[in-house]
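The data block below is target.cif; it holds mmCIF, C-alpha atoms (C1' of nucleotides).
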data_coords
loop_
_atom_site.group_PDB
_atom_site.id
_atom_site.type_symbol
_atom_site.label_atom_id
_atom_site.label_comp_id
_atom_site.auth_asym_id
_atom_site.auth_seq_id
_atom_site.Cartn_x
_atom_site.Cartn_y
_atom_site.Cartn_z
ATOM 1 C CA MET A 1 -0.484 -0.244 3.858
ATOM 2 C CA PRO A 2 -2.798 -1.874 1.578
ATOM 3 C CA GLU A 3 -1.452 -3.870 -1.282
ATOM 4 C CA LEU A 4 -3.528 -5.590 -3.908
ATOM 5 C CA PRO A 5 -5.153 -8.216 -1.651
ATOM 6 C CA GLU A 6 -6.184 -5.612 0.905
ATOM 7 C CA VAL A 7 -7.584 -3.257 -1.720
ATOM 8 C CA GLU A 8 -9.449 -6.123 -3.356
ATOM 9 C CA THR A 9 -10.885 -7.184 -0.004
ATOM 10 C CA VAL A 10 -12.034 -3.639 0.675
ATOM 11 C CA ARG A 11 -13.559 -3.490 -2.800
ATOM 12 C CA MET A 12 -15.558 -6.623 -2.151
ATOM 13 C CA GLY A 13 -16.753 -5.192 1.146
ATOM 14 C CA LEU A 14 -17.824 -1.895 -0.377
ATOM 15 C CA GLU A 15 -19.427 -3.368 -3.451
ATOM 16 C CA PRO A 16 -22.777 -4.353 -1.953
ATOM 17 C CA VAL A 17 -23.335 -0.955 -0.338
ATOM 18 C CA LEU A 18 -22.074 1.171 -3.216
ATOM 19 C CA THR A 19 -22.834 -0.538 -6.509
ATOM 20 C CA GLY A 20 -26.222 0.527 -7.834
ATOM 21 C CA GLN A 21 -26.602 2.961 -4.945
ATOM 22 C CA THR A 22 -26.781 6.743 -4.967
ATOM 23 C CA PHE A 23 -24.859 9.224 -2.826
ATOM 24 C CA ALA A 24 -27.270 11.156 -0.642
ATOM 25 C CA ARG A 25 -24.769 13.234 1.294
ATOM 26 C CA VAL A 26 -21.007 13.565 1.244
ATOM 27 C CA THR A 27 -19.036 15.305 3.975
ATOM 28 C CA THR A 28 -15.332 16.033 4.208
ATOM 29 C CA HIS A 29 -13.682 17.087 7.448
ATOM 30 C CA ARG A 30 -10.597 18.668 5.967
ATOM 31 C CA ALA A 31 -9.550 20.164 2.674
ATOM 32 C CA ASP A 32 -6.991 17.608 1.632
ATOM 33 C CA LEU A 33 -5.509 14.183 2.057
ATOM 34 C CA ARG A 34 -2.338 13.688 0.082
ATOM 35 C CA PHE A 35 -3.901 15.960 -2.520
ATOM 36 C CA PRO A 36 -6.787 18.386 -2.080
ATOM 37 C CA PHE A 37 -10.226 16.844 -2.408
ATOM 38 C CA PRO A 38 -11.597 17.696 -5.874
ATOM 39 C CA GLU A 39 -13.384 21.029 -6.356
ATOM 40 C CA ASN A 40 -17.010 20.744 -5.307
ATOM 41 C CA PHE A 41 -16.374 17.161 -4.252
ATOM 42 C CA ALA A 42 -19.608 16.722 -2.319
ATOM 43 C CA LYS A 43 -21.682 18.473 -4.939
ATOM 44 C CA ARG A 44 -20.334 16.368 -7.784
ATOM 45 C CA LEU A 45 -21.041 13.145 -5.914
ATOM 46 C CA THR A 46 -24.425 13.938 -4.439
ATOM 47 C CA GLY A 47 -27.139 12.347 -6.557
ATOM 48 C CA ALA A 48 -24.614 10.289 -8.507
ATOM 49 C CA ARG A 49 -25.159 6.565 -8.724
ATOM 50 C CA VAL A 50 -22.307 4.070 -8.580
ATOM 51 C CA MET A 51 -22.494 1.972 -11.718
ATOM 52 C CA ARG A 52 -19.494 -0.222 -10.997
ATOM 53 C CA LEU A 53 -16.739 -0.494 -8.392
ATOM 54 C CA GLU A 54 -13.505 -1.866 -9.741
ATOM 55 C CA ARG A 55 -9.944 -2.280 -8.606
ATOM 56 C CA ARG A 56 -6.919 -1.547 -10.745
ATOM 57 C CA ALA A 57 -3.530 -2.070 -9.116
ATOM 58 C CA LYS A 58 -3.991 -0.546 -5.628
ATOM 59 C CA TYR A 59 -6.680 1.855 -6.809
ATOM 60 C CA LEU A 60 -10.395 1.638 -6.198
ATOM 61 C CA ILE A 61 -12.462 3.144 -8.996
ATOM 62 C CA ALA A 62 -16.154 3.926 -8.700
ATOM 63 C CA HIS A 63 -17.698 4.585 -12.090
ATOM 64 C CA LEU A 64 -20.520 7.067 -11.636
ATOM 65 C CA SER A 65 -23.743 7.802 -13.475
ATOM 66 C CA THR A 66 -22.482 11.355 -13.998
ATOM 67 C CA GLY A 67 -19.774 10.190 -16.367
ATOM 68 C CA GLU A 68 -17.061 10.759 -13.814
ATOM 69 C CA ALA A 69 -14.974 8.155 -12.040
ATOM 70 C CA LEU A 70 -14.093 8.431 -8.368
ATOM 71 C CA LEU A 71 -10.480 7.293 -8.156
ATOM 72 C CA MET A 72 -9.348 6.322 -4.675
ATOM 73 C CA HIS A 73 -6.028 5.265 -3.211
ATOM 74 C CA LEU A 74 -5.574 4.189 0.411
ATOM 75 C CA GLY A 75 -1.914 5.155 0.726
ATOM 76 C CA MET A 76 -0.381 3.506 3.781
ATOM 77 C CA THR A 77 -3.124 3.907 6.353
ATOM 78 C CA GLY A 78 -6.385 4.573 4.506
ATOM 79 C CA ARG A 79 -9.435 2.703 5.779
ATOM 80 C CA PHE A 80 -12.957 2.477 4.462
ATOM 81 C CA HIS A 81 -15.615 1.346 6.839
ATOM 82 C CA VAL A 82 -19.211 0.423 6.122
ATOM 83 C CA GLN A 83 -21.865 1.090 8.696
ATOM 84 C CA ALA A 84 -25.299 -0.308 8.295
ATOM 85 C CA LYS A 85 -28.117 2.050 9.252
ATOM 86 C CA GLY A 86 -27.981 2.710 12.967
ATOM 87 C CA GLU A 87 -24.931 0.558 13.557
ATOM 88 C CA ALA A 88 -22.798 1.671 16.466
ATOM 89 C CA VAL A 89 -19.222 2.554 15.696
ATOM 90 C CA ALA A 90 -17.823 2.410 19.192
ATOM 91 C CA HIS A 91 -14.933 0.263 18.043
ATOM 92 C CA LEU A 92 -13.800 3.082 15.762
ATOM 93 C CA LEU A 93 -13.961 5.721 18.452
ATOM 94 C CA GLY A 94 -11.603 6.739 21.194
ATOM 95 C CA ASP A 95 -13.024 7.639 24.597
ATOM 96 C CA TYR A 96 -13.067 11.314 23.750
ATOM 97 C CA GLU A 97 -15.097 10.847 20.602
ATOM 98 C CA TYR A 98 -17.375 8.338 22.247
ATOM 99 C CA GLU A 99 -18.215 10.687 25.096
ATOM 100 C CA THR A 100 -18.467 13.911 23.163
ATOM 101 C CA GLY A 101 -19.848 12.709 19.855
ATOM 102 C CA ALA A 102 -16.927 14.311 18.036
ATOM 103 C CA GLN A 103 -15.751 12.849 14.757
ATOM 104 C CA PRO A 104 -13.148 10.171 15.288
ATOM 105 C CA LYS A 105 -9.657 11.453 14.765
ATOM 106 C CA HIS A 106 -8.538 11.060 11.168
ATOM 107 C CA MET A 107 -11.991 10.348 9.824
ATOM 108 C CA HIS A 108 -11.749 12.620 6.833
ATOM 109 C CA ALA A 109 -14.747 11.782 4.679
ATOM 110 C CA VAL A 110 -18.232 10.396 5.192
ATOM 111 C CA PHE A 111 -20.461 9.079 2.408
ATOM 112 C CA ASP A 112 -24.143 8.624 3.173
ATOM 113 C CA MET A 113 -26.040 6.580 0.659
ATOM 114 C CA ARG A 114 -29.744 6.793 -0.067
ATOM 115 C CA GLY A 115 -31.185 3.885 1.843
ATOM 116 C CA GLY A 116 -29.136 4.635 4.927
ATOM 117 C CA ALA A 117 -25.783 2.936 4.605
ATOM 118 C CA ARG A 118 -22.813 5.042 5.565
ATOM 119 C CA VAL A 119 -19.253 4.619 4.342
ATOM 120 C CA THR A 120 -16.465 6.432 6.175
ATOM 121 C CA TYR A 121 -12.863 7.043 5.211
ATOM 122 C CA ALA A 122 -10.149 7.403 7.842
ATOM 123 C CA ASP A 123 -6.461 7.879 7.137
ATOM 124 C CA PRO A 124 -4.006 8.942 9.878
ATOM 125 C CA ARG A 125 -1.021 9.522 7.630
ATOM 126 C CA ARG A 126 -3.073 10.968 4.802
ATOM 127 C CA PHE A 127 -1.043 9.351 2.055
ATOM 128 C CA GLY A 128 -4.308 8.318 0.462
ATOM 129 C CA TYR A 129 -6.340 10.433 -1.908
ATOM 130 C CA MET A 130 -9.535 10.729 -3.909
ATOM 131 C CA LEU A 131 -9.857 12.219 -7.353
ATOM 132 C CA LEU A 132 -12.710 12.741 -9.791
ATOM 133 C CA VAL A 133 -11.748 12.023 -13.377
ATOM 134 C CA PRO A 134 -13.969 11.985 -16.465
ATOM 135 C CA ASP A 135 -14.523 8.324 -17.243
ATOM 136 C CA ALA A 136 -13.454 8.834 -20.830
ATOM 137 C CA GLU A 137 -10.064 10.149 -19.683
ATOM 138 C CA LEU A 138 -9.423 7.537 -17.047
ATOM 139 C CA ALA A 139 -7.347 5.160 -19.139
ATOM 140 C CA GLU A 140 -5.021 7.960 -20.164
ATOM 141 C CA HIS A 141 -4.819 9.517 -16.729
ATOM 142 C CA ALA A 142 -1.246 9.952 -15.499
ATOM 143 C CA LEU A 143 -1.854 7.601 -12.582
ATOM 144 C CA MET A 144 -3.287 4.831 -14.765
ATOM 145 C CA ARG A 145 -1.392 5.082 -18.015
ATOM 146 C CA GLY A 146 1.925 3.559 -17.029
ATOM 147 C CA LEU A 147 0.636 0.784 -14.794
ATOM 148 C CA GLY A 148 1.961 -2.702 -15.410
ATOM 149 C CA VAL A 149 -0.021 -5.904 -15.756
ATOM 150 C CA GLU A 150 -2.584 -7.108 -13.262
ATOM 151 C CA PRO A 151 -0.812 -9.987 -11.550
ATOM 152 C CA LEU A 152 -3.895 -12.186 -11.287
ATOM 153 C CA SER A 153 -4.753 -11.797 -14.935
ATOM 154 C CA ASP A 154 -3.415 -13.886 -17.778
ATOM 155 C CA ASP A 155 -1.178 -10.946 -18.673
ATOM 156 C CA LEU A 156 1.303 -11.911 -15.978
ATOM 157 C CA THR A 157 3.275 -14.743 -17.513
ATOM 158 C CA PRO A 158 6.851 -15.969 -17.174
ATOM 159 C CA ALA A 159 7.474 -14.584 -20.641
ATOM 160 C CA TYR A 160 6.217 -11.145 -19.604
ATOM 161 C CA LEU A 161 8.547 -11.029 -16.590
ATOM 162 C CA ALA A 162 11.420 -12.267 -18.711
ATOM 163 C CA ARG A 163 10.802 -9.613 -21.342
ATOM 164 C CA ARG A 164 10.515 -6.734 -18.882
ATOM 165 C CA ALA A 165 13.652 -7.847 -17.069
ATOM 166 C CA VAL A 166 15.891 -7.604 -20.098
ATOM 167 C CA GLY A 167 18.666 -5.109 -19.481
ATOM 168 C CA ARG A 168 17.453 -4.209 -15.983
ATOM 169 C CA ARG A 169 20.118 -3.006 -13.597
ATOM 170 C CA SER A 170 17.903 -2.962 -10.525
ATOM 171 C CA ASP A 171 17.466 -5.852 -8.126
ATOM 172 C CA LEU A 172 14.418 -8.096 -7.995
ATOM 173 C CA LYS A 173 12.988 -6.238 -5.029
ATOM 174 C CA ALA A 174 12.906 -2.898 -6.824
ATOM 175 C CA PHE A 175 11.751 -4.555 -10.038
ATOM 176 C CA LEU A 176 8.685 -6.049 -8.369
ATOM 177 C CA MET A 177 7.907 -2.956 -6.310
ATOM 178 C CA ASP A 178 7.758 -0.959 -9.543
ATOM 179 C CA GLN A 179 4.067 -0.525 -10.341
ATOM 180 C CA ARG A 180 4.921 -0.097 -14.015
ATOM 181 C CA ILE A 181 6.030 -3.724 -14.190
ATOM 182 C CA VAL A 182 3.492 -5.579 -12.054
ATOM 183 C CA ALA A 183 0.682 -3.456 -10.637
ATOM 184 C CA GLY A 184 -0.428 -3.967 -7.070
ATOM 185 C CA LEU A 185 2.495 -5.587 -5.290
ATOM 186 C CA GLY A 186 3.981 -3.927 -2.234
ATOM 187 C CA ASN A 187 6.616 -4.722 0.326
ATOM 188 C CA ILE A 188 4.908 -7.661 1.984
ATOM 189 C CA TYR A 189 3.850 -9.599 -1.073
ATOM 190 C CA VAL A 190 7.100 -8.974 -2.920
ATOM 191 C CA CYS A 191 8.965 -10.566 -0.011
ATOM 192 C CA GLU A 192 6.548 -13.474 0.125
ATOM 193 C CA ALA A 193 6.533 -14.069 -3.630
ATOM 194 C CA LEU A 194 10.339 -14.062 -3.770
ATOM 195 C CA PHE A 195 10.392 -16.602 -0.977
ATOM 196 C CA LEU A 196 8.027 -18.882 -2.870
ATOM 197 C CA ALA A 197 10.189 -18.500 -5.974
ATOM 198 C CA GLN A 198 13.342 -19.161 -3.908
ATOM 199 C CA LEU A 199 14.883 -15.964 -5.217
ATOM 200 C CA ARG A 200 16.839 -13.503 -3.135
ATOM 201 C CA PRO A 201 15.525 -9.914 -3.183
ATOM 202 C CA SER A 202 19.022 -8.617 -3.927
ATOM 203 C CA ARG A 203 19.435 -10.708 -7.072
ATOM 204 C CA PRO A 204 19.574 -8.606 -10.230
ATOM 205 C CA ALA A 205 16.236 -8.556 -12.021
ATOM 206 C CA SER A 206 18.018 -9.579 -15.166
ATOM 207 C CA VAL A 207 18.193 -13.171 -13.870
ATOM 208 C CA LEU A 208 14.597 -13.437 -15.065
ATOM 209 C CA ALA A 209 15.455 -12.448 -18.588
ATOM 210 C CA THR A 210 15.403 -14.966 -21.348
ATOM 211 C CA ARG A 211 18.355 -15.510 -23.631
ATOM 212 C CA GLY A 212 16.662 -16.333 -26.853
ATOM 213 C CA GLY A 213 14.164 -19.202 -26.405
ATOM 214 C CA LYS A 214 12.112 -19.815 -23.293
ATOM 215 C CA PRO A 215 11.724 -17.813 -20.086
ATOM 216 C CA THR A 216 14.017 -18.833 -17.262
ATOM 217 C CA VAL A 217 12.906 -21.182 -14.506
ATOM 218 C CA HIS A 218 13.218 -18.141 -12.231
ATOM 219 C CA ALA A 219 10.592 -16.257 -14.198
ATOM 220 C CA THR A 220 8.331 -19.279 -14.196
ATOM 221 C CA ARG A 221 8.596 -19.741 -10.445
ATOM 222 C CA LEU A 222 8.205 -16.059 -9.760
ATOM 223 C CA ALA A 223 5.062 -15.648 -11.859
ATOM 224 C CA ALA A 224 3.553 -18.644 -10.077
ATOM 225 C CA GLY A 225 4.674 -17.372 -6.662
ATOM 226 C CA ILE A 226 3.128 -13.944 -7.197
ATOM 227 C CA LYS A 227 -0.214 -15.389 -8.203
ATOM 228 C CA ALA A 228 -0.234 -17.942 -5.404
ATOM 229 C CA VAL A 229 0.518 -15.484 -2.618
ATOM 230 C CA LEU A 230 -1.998 -12.922 -3.843
ATOM 231 C CA LYS A 231 -4.779 -15.472 -4.211
ATOM 232 C CA ALA A 232 -4.140 -16.891 -0.766
ATOM 233 C CA ALA A 233 -4.036 -13.413 0.764
ATOM 234 C CA ILE A 234 -7.333 -12.391 -0.816
ATOM 235 C CA ALA A 235 -8.901 -15.615 0.407
ATOM 236 C CA ALA A 236 -7.691 -14.733 3.917
ATOM 237 C CA GLY A 237 -9.136 -11.219 3.780
ATOM 238 C CA GLY A 238 -5.748 -9.524 3.430
ATOM 239 C CA SER A 239 -3.029 -8.904 6.015
ATOM 240 C CA THR A 240 -3.514 -6.716 9.063
ATOM 241 C CA LEU A 241 -0.368 -5.252 10.582
ATOM 242 C CA ARG A 242 -1.687 -2.117 12.219
ATOM 243 C CA ASP A 243 -4.237 -0.027 10.430
ATOM 244 C CA TYR A 244 -5.718 -2.272 7.831
ATOM 245 C CA ARG A 245 -9.271 -3.454 8.286
ATOM 246 C CA GLN A 246 -11.793 -4.954 5.943
ATOM 247 C CA ALA A 247 -14.741 -2.743 5.130
ATOM 248 C CA ASP A 248 -16.754 -4.362 7.914
ATOM 249 C CA GLY A 249 -14.058 -3.508 10.460
ATOM 250 C CA SER A 250 -12.654 -7.001 10.841
ATOM 251 C CA THR A 251 -8.964 -7.754 10.520
ATOM 252 C CA GLY A 252 -7.387 -9.836 7.781
ATOM 253 C CA ALA A 253 -5.796 -13.159 8.602
ATOM 254 C CA PHE A 254 -3.008 -13.552 6.087
ATOM 255 C CA GLN A 255 -0.406 -12.037 8.429
ATOM 256 C CA ASN A 256 -0.595 -15.350 10.297
ATOM 257 C CA THR A 257 0.579 -17.098 7.176
ATOM 258 C CA PHE A 258 3.618 -14.966 6.362
ATOM 259 C CA GLN A 259 6.551 -17.173 5.443
ATOM 260 C CA VAL A 260 9.266 -14.533 5.767
ATOM 261 C CA TYR A 261 7.775 -11.058 6.200
ATOM 262 C CA GLY A 262 8.428 -9.775 9.712
ATOM 263 C CA ARG A 263 10.083 -13.040 10.746
ATOM 264 C CA GLU A 264 13.662 -11.874 11.149
ATOM 265 C CA GLY A 265 15.628 -14.304 13.305
ATOM 266 C CA GLU A 266 13.036 -17.062 13.018
ATOM 267 C CA PRO A 267 13.726 -20.417 11.375
ATOM 268 C CA CYS A 268 12.862 -20.788 7.726
ATOM 269 C CA VAL A 269 9.529 -22.548 7.287
ATOM 270 C CA ARG A 270 10.561 -24.468 4.204
ATOM 271 C CA PRO A 271 10.621 -28.169 5.116
ATOM 272 C CA GLY A 272 14.154 -29.380 5.606
ATOM 273 C CA CYS A 273 15.682 -25.907 5.393
ATOM 274 C CA ARG A 274 17.861 -24.908 8.361
ATOM 275 C CA GLY A 275 18.055 -21.221 7.434
ATOM 276 C CA ILE A 276 17.277 -18.294 9.731
ATOM 277 C CA VAL A 277 15.249 -15.481 8.182
ATOM 278 C CA ARG A 278 17.245 -12.326 7.626
ATOM 279 C CA ARG A 279 16.239 -8.721 7.204
ATOM 280 C CA SER A 280 18.053 -6.330 4.921
ATOM 281 C CA THR A 281 17.328 -2.821 3.766
ATOM 282 C CA GLN A 282 16.854 -2.050 0.102
ATOM 283 C CA ALA A 283 15.849 1.381 -1.117
ATOM 284 C CA GLY A 284 14.951 2.280 2.443
ATOM 285 C CA ARG A 285 12.521 -0.614 2.826
ATOM 286 C CA SER A 286 12.914 -3.853 4.745
ATOM 287 C CA SER A 287 13.343 -7.084 2.838
ATOM 288 C CA PHE A 288 12.980 -10.465 4.521
ATOM 289 C CA TYR A 289 14.438 -13.632 3.064
ATOM 290 C CA CYS A 290 15.964 -16.976 3.887
ATOM 291 C CA PRO A 291 19.689 -16.872 3.139
ATOM 292 C CA VAL A 292 19.801 -20.647 2.704
ATOM 293 C CA CYS A 293 16.994 -21.508 0.283
ATOM 294 C CA GLN A 294 16.666 -18.195 -1.581
ATOM 295 C CA HIS A 295 19.426 -17.665 -4.124
ATOM 296 C "C1'" DA B 1 17.164 7.944 -18.642
ATOM 297 C "C1'" DA B 2 17.180 4.393 -15.207
ATOM 298 C "C1'" DG B 3 17.589 4.157 -10.536
ATOM 299 C "C1'" DA B 4 18.296 5.940 -5.965
ATOM 300 C "C1'" DA B 5 17.144 9.473 -2.552
ATOM 301 C "C1'" DC B 6 13.948 12.462 -0.643
ATOM 302 C "C1'" DT B 7 9.348 13.781 0.462
ATOM 303 C "C1'" DC B 8 4.542 13.915 2.294
ATOM 304 C "C1'" DC B 9 2.204 12.701 7.571
ATOM 305 C "C1'" DT B 10 1.173 10.467 12.024
ATOM 306 C "C1'" DG B 11 1.654 6.754 15.196
ATOM 307 C "C1'" DT B 12 4.078 3.009 17.445
ATOM 308 C "C1'" DT B 13 7.930 0.679 19.256
ATOM 309 C "C1'" DG B 14 12.330 -0.144 21.233
ATOM 310 C "C1'" DG B 15 16.565 1.453 23.415
ATOM 311 C "C1'" DC B 16 18.662 4.176 26.921
ATOM 312 C "C1'" DT C 1 8.253 7.725 32.911
ATOM 313 C "C1'" DG C 2 10.475 10.429 29.347
ATOM 314 C "C1'" DC C 3 12.883 11.315 25.234
ATOM 315 C "C1'" DC C 4 14.557 10.280 20.809
ATOM 316 C "C1'" DA C 5 15.484 7.611 16.808
ATOM 317 C "C1'" DA C 6 13.973 4.210 13.737
ATOM 318 C "C1'" DC C 7 10.392 2.304 11.345
ATOM 319 C "C1'" DA C 8 5.617 1.382 9.149
ATOM 320 C "C1'" DG C 9 1.576 -1.499 4.110
ATOM 321 C "C1'" DG C 10 2.923 3.856 -0.924
ATOM 322 C "C1'" DA C 11 4.503 6.381 -4.567
ATOM 323 C "C1'" DG C 12 5.210 11.142 -6.868
ATOM 324 C "C1'" DT C 13 9.011 14.267 -7.421
ATOM 325 C "C1'" DT C 14 13.666 15.461 -7.578
ATOM 326 C "C1'" DC C 15 18.354 14.308 -7.769
ATOM 327 C "C1'" DT C 16 22.467 11.989 -10.032
#
Same coordinates, now as structure tokens:
Amino acid sequence: MPELPEVETVRMGLEPVLTGQTFARVTTHRADLRFPFPENFAKRLTGARVMRLERRAKYLIAHLSTGEALLMHLGMTGRFHVQAKGEAVAHLLGDYEYETGAQPKHMHAVFDMRGGARVTYADPRRFGYMLLVPDAELAEHALMRGLGVEPLSDDLTPAYLARRAVGRRSDLKAFLMDQRIVAGLGNIYVCEALFLAQLRPSRPASVLATRGGKPTVHATRLAAGIKAVLKAAIAAGGSTLRDYRQADGSTGAFQNTFQVYGREGEPCVRPGCRGIVRRSTQAGRSSFYCPVCQH
DNA sequence: AAGAACTCCTGTTGGC
DNA sequence: TGCCAACAGGAGTTCT
């Protein structure tokens, strides 16, 4: 589910209740998500203080006073929710849970902080996971080491895209979905960024590559399109399709602003363009694009 | 060795 | 209403 804007929105929601706060009690309701919870997960967290909560790519990373880092990924359907002390959670519960007091289905972990705030993690598909990694080893961890540039940093430039695209055989869609190139994009924002750049998802990535001199106009437009769509999505609180919620339970709003994603058969929104948005399948995932203004 | 296919898991939706 | 197939925001692993 969550791509960079959603993870960043969740990070901002969790920050005030986690940063500087100490875990009082940690409960898991099953042994594993995508991977098993770390050995002695609750024990290693209890009493630990969160020094800093950062996002890298689609990962949330809580740096702890114990010298470990709690590395979290939401997969497709992971949701963190913050409850203030005593806050009702009826909107998270089905009738059965509400009436019996049972844990909501798919609520796999509960973090109680000293001071009373509670953070819960739910994840129906369980593609998410949590790991504990020594802080000193984090940068070299297998999941972190190969990650590409942060798209909202100054590292993402037309020249960077042009350089990484040299000799690529894959299409632009696969190129941008590859976390080793640009970290944090997913299906939605790749489609939207390619629309803004007026590039077709099926174009070979090598169209970005420079021949000697300057980056191509494609690379320039694409770098700008990626940054623009991500910034706008963060400002809107992310995109809610099904499962995604901000940490306070509210939905994002950026799905109302999609230019092509999920708009198959609808007219292209670009002024003056008479195209009809098309859907195609690439690497088993849907791509949406305007066949008239994206080349 | 890059790139595509398959895999994990559950829920929802659309067609018949 | 029921049943089944297709599909969903990700990405590690296995294949070719």
Sort by chain and increasing residue number a table of all residues of chain B within 9 Å of chain A, each with its closest pair of atoms and their distance in Å to one decimal, counting all atoms listed in the file, and write it as JSON lines.
{"residue": "B:DA2", "atom": "C1'", "partner": "A:Arg169", "partner_atom": "CA", "distance": 8.1}
{"residue": "B:DG3", "atom": "C1'", "partner": "A:Ser170", "partner_atom": "CA", "distance": 7.1}
{"residue": "B:DA4", "atom": "C1'", "partner": "A:Ala283", "partner_atom": "CA", "distance": 7.1}
{"residue": "B:DA5", "atom": "C1'", "partner": "A:Ala283", "partner_atom": "CA", "distance": 8.3}
{"residue": "B:DC8", "atom": "C1'", "partner": "A:Phe127", "partner_atom": "CA", "distance": 7.2}
{"residue": "B:DC9", "atom": "C1'", "partner": "A:Arg125", "partner_atom": "CA", "distance": 4.5}
{"residue": "B:DT10", "atom": "C1'", "partner": "A:Arg125", "partner_atom": "CA", "distance": 5.0}
{"residue": "B:DG11", "atom": "C1'", "partner": "A:Pro124", "partner_atom": "CA", "distance": 8.1}
Å distance separating atom CA of A:Ile234 from atom CA of A:Val277, one decimal place: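 It comes out at 24.5 Å.
In terms of minimum interatomic distance to chain C, A:Gly128 ranks closest within A:Gly128, A:Gly67, A:Pro201, A:Pro38, counting all atoms listed in the file.
Selection result for the displayed file, with the PyMOL selection byres ((chain C) within 10 of (chain A)) as criterion, is C:DC7, C:DA8, C:DG9, C:DG10, C:DA11, C:DG12.
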Calculate how many Å separate atom CA of A:Pro134 from atom CA of A:Tyr121, rounding to one decimal.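 It comes out at 22.3 Å.
We find atom C1' of B:DT7 and atom CA of A:Ile181 to be spaced 23.1 Å apart.
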Answer key for the PyMOL selection byres ((chain C and resi 5) around 10), residues as a compact mmCIF listing (two decimals) with C-alpha atoms (C1' of nucleotides), in the coordinates of the input:
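Writing done, so here's selection_18.txt:
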# COMPACT_ATOMS: atom_id res chain seq x y z
C1' DG B 14 12.33 -0.14 21.23
C1' DG B 15 16.57 1.45 23.42
C1' DC C 3 12.88 11.32 25.23
C1' DC C 4 14.56 10.28 20.81
C1' DA C 6 13.97 4.21 13.74
C1' DC C 7 10.39 2.30 11.34
Evaluate the PyMOL selection byres ((chain A and resi 293) around 8) and record the selected residues as a CSV table (one decimal) with C-alpha atoms, in the frame of the given file, following the chain and residue labels used in the document.
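Output contents, as saved in out.csv:
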chain,number,residue,atom,x,y,z
A,198,GLN,CA,13.3,-19.2,-3.9
A,273,CYS,CA,15.7,-25.9,5.4
A,275,GLY,CA,18.1,-21.2,7.4
A,290,CYS,CA,16.0,-17.0,3.9
A,291,PRO,CA,19.7,-16.9,3.1
A,292,VAL,CA,19.8,-20.6,2.7
A,294,GLN,CA,16.7,-18.2,-1.6
A,295,HIS,CA,19.4,-17.7,-4.1
Per-axis box centre and lengths in Å around chain C, 6 Å margin per side, axis-aligned, as JSON:
{"center_x": 12.0, "center_y": 7.0, "center_z": 11.4, "size_x": 32.9, "size_y": 29.0, "size_z": 54.9}
Residue with smallest distance to A:Val166 - pool A:Thr216, A:Ser153, A:Gln282, A:Thr120, counting all atoms listed in the file: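 For A:Val166, the nearest of the candidates is A:Thr216.
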Give me, as a list in words, all polymer residues having an atom no more than 9 Å from A:Gly115, counting all atoms listed in the file and skipping those fewer than 3 positions away in the same chain. Gln21, Thr22, Ala24, Lys85 and Asp112 of chain A
Using only C-alpha atoms, please write the residues we just selected to a file, as a short mmCIF file (atom, residue, chain, number, x, y, z; two decimals), keeping the file's coordinate frame.
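Here's the written file selection10.cif:
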data_model
loop_
_atom_site.label_atom_id
_atom_site.label_comp_id
_atom_site.auth_asym_id
_atom_site.auth_seq_id
_atom_site.Cartn_x
_atom_site.Cartn_y
_atom_site.Cartn_z
CA GLN A 21 -26.60 2.96 -4.94
CA THR A 22 -26.78 6.74 -4.97
CA ALA A 24 -27.27 11.16 -0.64
CA LYS A 85 -28.12 2.05 9.25
CA ASP A 112 -24.14 8.62 3.17
#
